[in-house]
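Only one structure is covered here, and it is reproduced in the block below.
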Amino acid sequence: MENAISSALSGEALPRDRQTDIVENLLAEPDEDILVTWLMEEFGLEEKAATAAGSVRLPQGHGHIGRSLLSDIVKEMESGSLETEDPLTGEIYLRPLTYDEAVARLDLHHSDLKAGCFARLPYYGEAMARHVISNPDAPESSQERIGRVPNPTVHIALNQMRTVVNALIETYGKPAKIHIELARELKQNHRQKQEAIRRNRENEAANQRRNEELRTLGFADTYSNRLLLRLYEELPADERVCVYSGTPISKEMLFSGAVDIDHILPRSKTLDDSFANKVLCTREMNRIKGNRSPADVWTGDRLQDVVERAWRLFPRKAWRFQPDALDKFTSGGDFIARHLTDSQHIARLAKEYLGHLYGEDRNRRVFAIPGRLTAMLRAMWGLNGLLGDHNRAIADGELAKSRDDHRHHAVDAFVIACTNRAILQRVATAVGRAEAFNLGRWAEKGEFPEPFEGYRVTLRDRLDMMVISHKPDHGLPPGASGNSHVTSGQLHEETAYGAVHEEIRGKIMNLVTRKPIAALSEREIGQVRDLKLREALEEVAYDAKRDGIRLTDALANFGEQNGIRRVRVLKTEKYTINLSHGKGRFHKTYVPGANHCIEIFSTPEGKWCGEGVSVFDANRKDFTPAWRVQSNDARLVMRLHKGDTIEANFGDGRRYYVVRKLSPANNRIEFVPHLYAGKLGPGDYMQAAFSKLQKAGARLVRVDPIGRIIPVGRG
């Protein structure tokens, strides 16, 4: 490998750290396009040389010592020595340290560095110390103190895997073998390769041009400088400005410190470090925006100006400036690409983590297959139609996998369990043959052996019995390590209100607040406290709608003409919080934040009722629900949180449902069937009042990590 790349670099020897970078990318980067592009950009390789270097096959397996520890051992062996007596001459001389002696100087023992073998999976930070970052200030024995991976998605996935695997071990014993799926594609087809070659050539030409420009300007040819130029070139030639302020940006400003690269949507919330999430802005605006989305910094006309400017400057990125950008991000688009990257990282760590169940026998016991292979075999074995969704698209002549049913993961797991190295080799050969002969299909049905006789019927029966385990949002219990509250969440809304008792068109209003006139909605106009002003604003709204004028502009114009900047708006809220400050001299009313749970109770007459407990109340040490105070004879039936599972019969037999929304003000909850995994619209939720839940014989149940149903007692 080194010779191949060094020859491409005109014989220059690669430093050890650069060799390490290449090896790590060859091992870790699943996308061949990204790997080849990286080799061309970082080492100036031609496309042919980069492709050859990226195709180098590294020896299988890995050392039992991590790189950081290995570096420490080598340093000890290079710098340390021991006095030794020559047995023939009696001369005393210094000799280099042996491996075990160097390890001892690090207060370790060489036999302790072999692969671990555990009866159950320990916390991953204990088993894979080289992958985690420790916080020495965290509480003793906490995960933060032991160490955790920086990526929160990976952290959660590994912890959940430990929970599931250990539950399986406790129930059935340690598995003889474990098969997992790696999110890595098989060989690209001819069209994909040609498209990749075209992109690489374009990227290479663009990078070469930027290299020359940086050299002309007298700046270093680095990734960050090339990125500055690329973002600058993205801006229209006639409007190269800061998207947030409109301040002109010249090329001279790029390297003067006056311009920053900003992540439109916060990287801490999205983990999106792609070019699509980056723009140029002035340093001053970057400090104002900080680690927030545009809609979290600006509102009203100010945000509208930013959004409109974004549409002119870079239409493909403009959606990220909208108020609902974070919601869109989590529902698809770039979020999917991010999760593919997360999945690849998770799978690599998962394979190593699971290997700690088998010690030195790990490579024979833990087998990973590419994700693309799973999809191919699922279609070849006719499993895509098992979930009964007949409205799915057709892909390559086969029903596409349904992702609206959580059980599609179980179908994948079945395929993964039935796949071995022989099948993997057979599929790879068939795919290569299909590409070589330009065949329409990589294999015909029946060409590959079935997993076992009657497998489809067996799998369908198991799927019909399956109950999905959902994680309820119960928060943290009192006294949890490092925790000083019962549950997390917004205690109350940000707006502070005054308490009033007024009436508008027969409706009693109990809160009042001041709001910018231009920010009023049509509904809020009807709640303006001053009668004459309310009527005038209703006329403004009517005229604006009739004339096709934006309501915001019409209200701003009315306010400017009449010297009105803010107006008092009334509101009705059933539940409120009264807080005082300034030693009790000032009082404000707030609307509670999210609901923590609903306590459903039975009255002395046997009727089911419910009372919501807000996050604010759940965090009060002295809080007692009103129903407990009002009646000593009422009894708690169940306490429901979001994500809880209930069993009930709404006329089609006893089935399982997952609570999605708590609506104590409407005396009901909203829920969906436990299998449903699709994106929910307003009409997708099932609703039930407390009386309907009673009639359906609803009960709270817990589904453990391996799908067993456990009834939950009261509370």
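Identifiers for the structure tokens are assigned positionally: chains receive A, B, ... in sequence, residues are indexed from 1 per chain, and ligands are indexed from 1 in the order shown.
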Can you tell me which residues surround Gly526 of chain A at a distance of at most 9 Å, considering only C-alpha atoms, apart from same-chain residues fewer than 3 positions away, and format the answer as a list in words?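 Final neighbour list, sorted by chain and number: Ile504, Ser521, Glu522, Arg523, Arg529, Arg534, Glu535, Leu537, Glu538 and Val569 of chain A.
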Residues from the last selection, C-alpha atoms, saved as an mmCIF file, in the first residue's frame:
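Ended up saving to out.cif:
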```cif
data_model
loop_
_atom_site.group_PDB
_atom_site.id
_atom_site.type_symbol
_atom_site.label_atom_id
_atom_site.label_comp_id
_atom_site.auth_asym_id
_atom_site.auth_seq_id
_atom_site.Cartn_x
_atom_site.Cartn_y
_atom_site.Cartn_z
ATOM 1 C CA ILE A 504 -64.679 38.590 24.571
ATOM 2 C CA SER A 521 -52.040 36.236 13.877
ATOM 3 C CA GLU A 522 -55.648 36.494 12.701
ATOM 4 C CA ARG A 523 -56.771 34.615 15.792
ATOM 5 C CA ARG A 529 -57.895 43.583 24.772
ATOM 6 C CA ARG A 534 -59.503 45.122 18.031
ATOM 7 C CA GLU A 535 -62.186 46.268 15.585
ATOM 8 C CA LEU A 537 -57.219 45.598 13.364
ATOM 9 C CA GLU A 538 -59.922 43.228 12.165
ATOM 10 C CA VAL A 569 -53.647 40.308 23.838
#
```
List as a list in words the protein and nucleic acid residues near Arg365 of chain A, meaning an atom at most 12 Å away when only C-alpha atoms are counted, but skip any in the same chain fewer than 3 places from it. Lys174, Pro175, Ala176, Lys177, Ile178, His179, Ile180, Lys351, Glu352, Leu354, Gly355, His356, Leu357, Tyr358, Gly359, Glu360, Asp361, Arg362, Ala368 and Asn420 of chain A
Per DSSP on the backbone, what are the strand (DSSP E) residues of segment 495-532 of chain A, as a PyMOL selection string? chain A and resi 498-504+507-516
Please write the residues from the selection above to a file, keeping C-alpha atoms, as a short mmCIF file (atom, residue, chain, number, x, y, z; two decimals), in the first residue's frame.
```cif
data_model
loop_
_atom_site.label_atom_id
_atom_site.label_comp_id
_atom_site.auth_asym_id
_atom_site.auth_seq_id
_atom_site.Cartn_x
_atom_site.Cartn_y
_atom_site.Cartn_z
CA GLY A 498 -50.76 38.93 33.81
CA ALA A 499 -53.79 37.37 35.50
CA VAL A 500 -57.14 38.93 34.46
CA HIS A 501 -60.82 38.05 34.25
CA GLU A 502 -62.36 39.50 31.08
CA GLU A 503 -64.80 38.44 28.39
CA ILE A 504 -64.68 38.59 24.57
CA LYS A 507 -65.60 33.65 26.20
CA ILE A 508 -63.83 34.22 29.51
CA MET A 509 -60.16 35.23 29.22
CA ASN A 510 -57.84 34.78 32.20
CA LEU A 511 -54.42 35.89 30.87
CA VAL A 512 -53.01 38.98 29.18
CA THR A 513 -49.64 39.74 27.58
CA ARG A 514 -48.08 42.32 25.28
CA LYS A 515 -47.08 41.38 21.74
CA PRO A 516 -45.57 43.27 18.74
#
```
Which residues come within 6 Å of segment 660-673 of chain A, counting only C-alpha atoms, excluding same-chain residues fewer than 5 positions away, as a list in words? Gly612, Lys642, Tyr685, Met686, Gln687, Ala688, Ala689 and Phe690 of chain A
